Amino acid sequence: MNIEAYHVCATCIHFHAEKANKGMNYFCKRLGYATRPNYQFNCWTPKKHVQELINKRMEEKKE
């Protein structure tokens, strides 16, 4: 199981997406600046459903 497959801003609890007149704005609430859904930072904290998926895949790999 490769956690790096899930480690992107869009799966982090701090990621915020907002629709604007000229498209979408993506923002990291923790870092305080604009980001993109596919960027990666070391401060990544996965959302609950992503962590559950990671745990499930790790369990499946053990079996």
# chains A, B, ... in the order shown; residues from 1 in each chain; ligands from 1
>>> residues_around(residues="segment 17-30 of chain A", least_positions_apart="4", cutoff="12 Å", atoms="only C-alpha atoms", output="PyMOL selection string")
chain A and resi 8-13+34-45
>>> write_last_selection(atoms="C-alpha atoms", output="compact mmCIF listing (two decimals), in the first residue's frame")
# COMPACT_ATOMS: atom_id res chain seq x y z
CA VAL A 8 -2.26 15.32 -2.01
CA CYS A 9 -3.79 18.58 -0.82
CA ALA A 10 -7.30 17.61 -1.96
CA THR A 11 -7.36 14.77 0.62
CA CYS A 12 -6.18 16.95 3.52
CA ILE A 13 -8.42 18.33 6.27
CA ALA A 34 -3.36 29.24 -2.40
CA THR A 35 -2.63 25.66 -3.39
CA ARG A 36 -3.73 23.12 -5.98
CA PRO A 37 -5.56 19.81 -5.38
CA ASN A 38 -2.59 17.72 -6.56
CA TYR A 39 0.15 19.54 -4.58
CA GLN A 40 1.87 17.83 -1.65
CA PHE A 41 3.19 19.28 1.62
CA ASN A 42 4.72 17.59 4.68
CA CYS A 43 1.95 18.96 6.93
CA TRP A 44 -0.64 16.67 5.28
CA THR A 45 -3.39 15.38 7.59
>>> select_by_dssp(residues="chain A", states="alpha helix (DSSP H)", output="PyMOL selection string")
chain A and resi 48-62
>>> residues_around(residues="segment 55-58 of chain A", least_positions_apart="3", cutoff="12 Å", atoms="only C-alpha atoms", output="number ranges by chain")
A: 1-3, 5-6, 46, 48-52, 61-63
>>> write_last_selection(atoms="N, CA and C atoms", output="short mmCIF file (atom, residue, chain, number, x, y, z; two decimals), in the first residue's frame")
data_model
loop_
_atom_site.label_atom_id
_atom_site.label_comp_id
_atom_site.auth_asym_id
_atom_site.auth_seq_id
_atom_site.Cartn_x
_atom_site.Cartn_y
_atom_site.Cartn_z
N MET A 1 0.85 -1.18 0.00
CA MET A 1 0.00 0.00 0.00
C MET A 1 0.89 1.23 0.00
N ASN A 2 0.71 2.08 -0.95
CA ASN A 2 1.51 3.29 -1.08
C ASN A 2 0.69 4.50 -0.64
N ILE A 3 1.00 5.02 0.52
CA ILE A 3 0.28 6.19 1.05
C ILE A 3 0.46 7.39 0.12
N ALA A 5 0.01 7.63 -2.83
CA ALA A 5 -1.10 7.68 -3.79
C ALA A 5 -2.24 8.56 -3.27
N TYR A 6 -2.33 8.73 -1.97
CA TYR A 6 -3.40 9.53 -1.34
C TYR A 6 -2.89 10.88 -0.85
N PRO A 46 -4.69 13.57 6.56
CA PRO A 46 -5.78 13.08 5.71
C PRO A 46 -7.16 13.25 6.34
N LYS A 48 -10.97 12.11 7.26
CA LYS A 48 -11.38 10.88 7.93
C LYS A 48 -11.64 9.75 6.94
N HIS A 49 -12.38 10.01 5.87
CA HIS A 49 -12.69 8.94 4.92
C HIS A 49 -11.46 8.46 4.17
N VAL A 50 -10.48 9.33 3.97
CA VAL A 50 -9.23 8.93 3.32
C VAL A 50 -8.42 8.06 4.26
N GLN A 51 -8.35 8.43 5.54
CA GLN A 51 -7.61 7.62 6.52
C GLN A 51 -8.23 6.24 6.65
N GLU A 52 -9.57 6.18 6.65
CA GLU A 52 -10.25 4.89 6.71
C GLU A 52 -9.93 4.03 5.49
N LYS A 61 -3.81 -5.70 2.41
CA LYS A 61 -2.46 -6.07 1.99
C LYS A 61 -1.83 -7.09 2.94
N LYS A 62 -2.16 -6.98 4.23
CA LYS A 62 -1.61 -7.91 5.23
C LYS A 62 -2.14 -9.32 5.04
N GLU A 63 -3.35 -9.44 4.52
CA GLU A 63 -4.00 -10.76 4.40
C GLU A 63 -3.50 -11.54 3.24
#
>>> select_by_dssp(residues="chain A", states="strand (DSSP E)", output="ChimeraX atom specification")
/A:15-20,23-28,33-34
>>> write_last_selection(atoms="N, CA and C atoms", output="PDB file, in the first residue's frame")
ATOM      1  N   PHE A  15      -7.565  21.547   3.368  1.00  0.00           N
ATOM      2  CA  PHE A  15      -7.829  21.983   1.997  1.00  0.00           C
ATOM      3  C   PHE A  15      -9.231  22.559   1.885  1.00  0.00           C
ATOM      4  N   HIS A  16      -9.334  23.715   1.220  1.00  0.00           N
ATOM      5  CA  HIS A  16     -10.625  24.377   1.051  1.00  0.00           C
ATOM      6  C   HIS A  16     -10.781  24.795  -0.414  1.00  0.00           C
ATOM      7  N   ALA A  17     -11.898  24.422  -1.020  1.00  0.00           N
ATOM      8  CA  ALA A  17     -12.203  24.794  -2.404  1.00  0.00           C
ATOM      9  C   ALA A  17     -13.394  25.734  -2.408  1.00  0.00           C
ATOM     10  N   GLU A  18     -13.298  26.771  -3.222  1.00  0.00           N
ATOM     11  CA  GLU A  18     -14.355  27.768  -3.283  1.00  0.00           C
ATOM     12  C   GLU A  18     -14.585  28.176  -4.734  1.00  0.00           C
ATOM     13  N   LYS A  19     -15.842  28.171  -5.155  1.00  0.00           N
ATOM     14  CA  LYS A  19     -16.167  28.572  -6.514  1.00  0.00           C
ATOM     15  C   LYS A  19     -16.138  30.096  -6.610  1.00  0.00           C
ATOM     16  N   ALA A  20     -15.442  30.598  -7.629  1.00  0.00           N
ATOM     17  CA  ALA A  20     -15.336  32.035  -7.867  1.00  0.00           C
ATOM     18  C   ALA A  20     -15.870  32.352  -9.260  1.00  0.00           C
ATOM     19  N   GLY A  23     -13.691  30.692 -12.011  1.00  0.00           N
ATOM     20  CA  GLY A  23     -13.314  29.292 -11.799  1.00  0.00           C
ATOM     21  C   GLY A  23     -13.261  28.952 -10.324  1.00  0.00           C
ATOM     22  N   MET A  24     -12.390  28.036  -9.985  1.00  0.00           N
ATOM     23  CA  MET A  24     -12.262  27.578  -8.600  1.00  0.00           C
ATOM     24  C   MET A  24     -11.024  28.184  -7.948  1.00  0.00           C
ATOM     25  N   ASN A  25     -11.139  28.470  -6.652  1.00  0.00           N
ATOM     26  CA  ASN A  25     -10.008  28.883  -5.826  1.00  0.00           C
ATOM     27  C   ASN A  25      -9.745  27.774  -4.820  1.00  0.00           C
ATOM     28  N   TYR A  26      -8.488  27.379  -4.692  1.00  0.00           N
ATOM     29  CA  TYR A  26      -8.082  26.345  -3.746  1.00  0.00           C
ATOM     30  C   TYR A  26      -7.147  26.971  -2.732  1.00  0.00           C
ATOM     31  N   PHE A  27      -7.373  26.660  -1.454  1.00  0.00           N
ATOM     32  CA  PHE A  27      -6.683  27.353  -0.373  1.00  0.00           C
ATOM     33  C   PHE A  27      -6.365  26.379   0.753  1.00  0.00           C
ATOM     34  N   CYS A  28      -5.189  26.500   1.320  1.00  0.00           N
ATOM     35  CA  CYS A  28      -4.817  25.716   2.502  1.00  0.00           C
ATOM     36  C   CYS A  28      -5.039  26.593   3.726  1.00  0.00           C
ATOM     37  N   TYR A  33      -2.267  29.997   2.324  1.00  0.00           N
ATOM     38  CA  TYR A  33      -2.092  30.490   0.963  1.00  0.00           C
ATOM     39  C   TYR A  33      -2.709  29.543  -0.056  1.00  0.00           C
ATOM     40  N   ALA A  34      -2.757  30.011  -1.311  1.00  0.00           N
ATOM     41  CA  ALA A  34      -3.364  29.237  -2.396  1.00  0.00           C
ATOM     42  C   ALA A  34      -2.565  27.969  -2.665  1.00  0.00           C
TER      43      ALA A  34
END
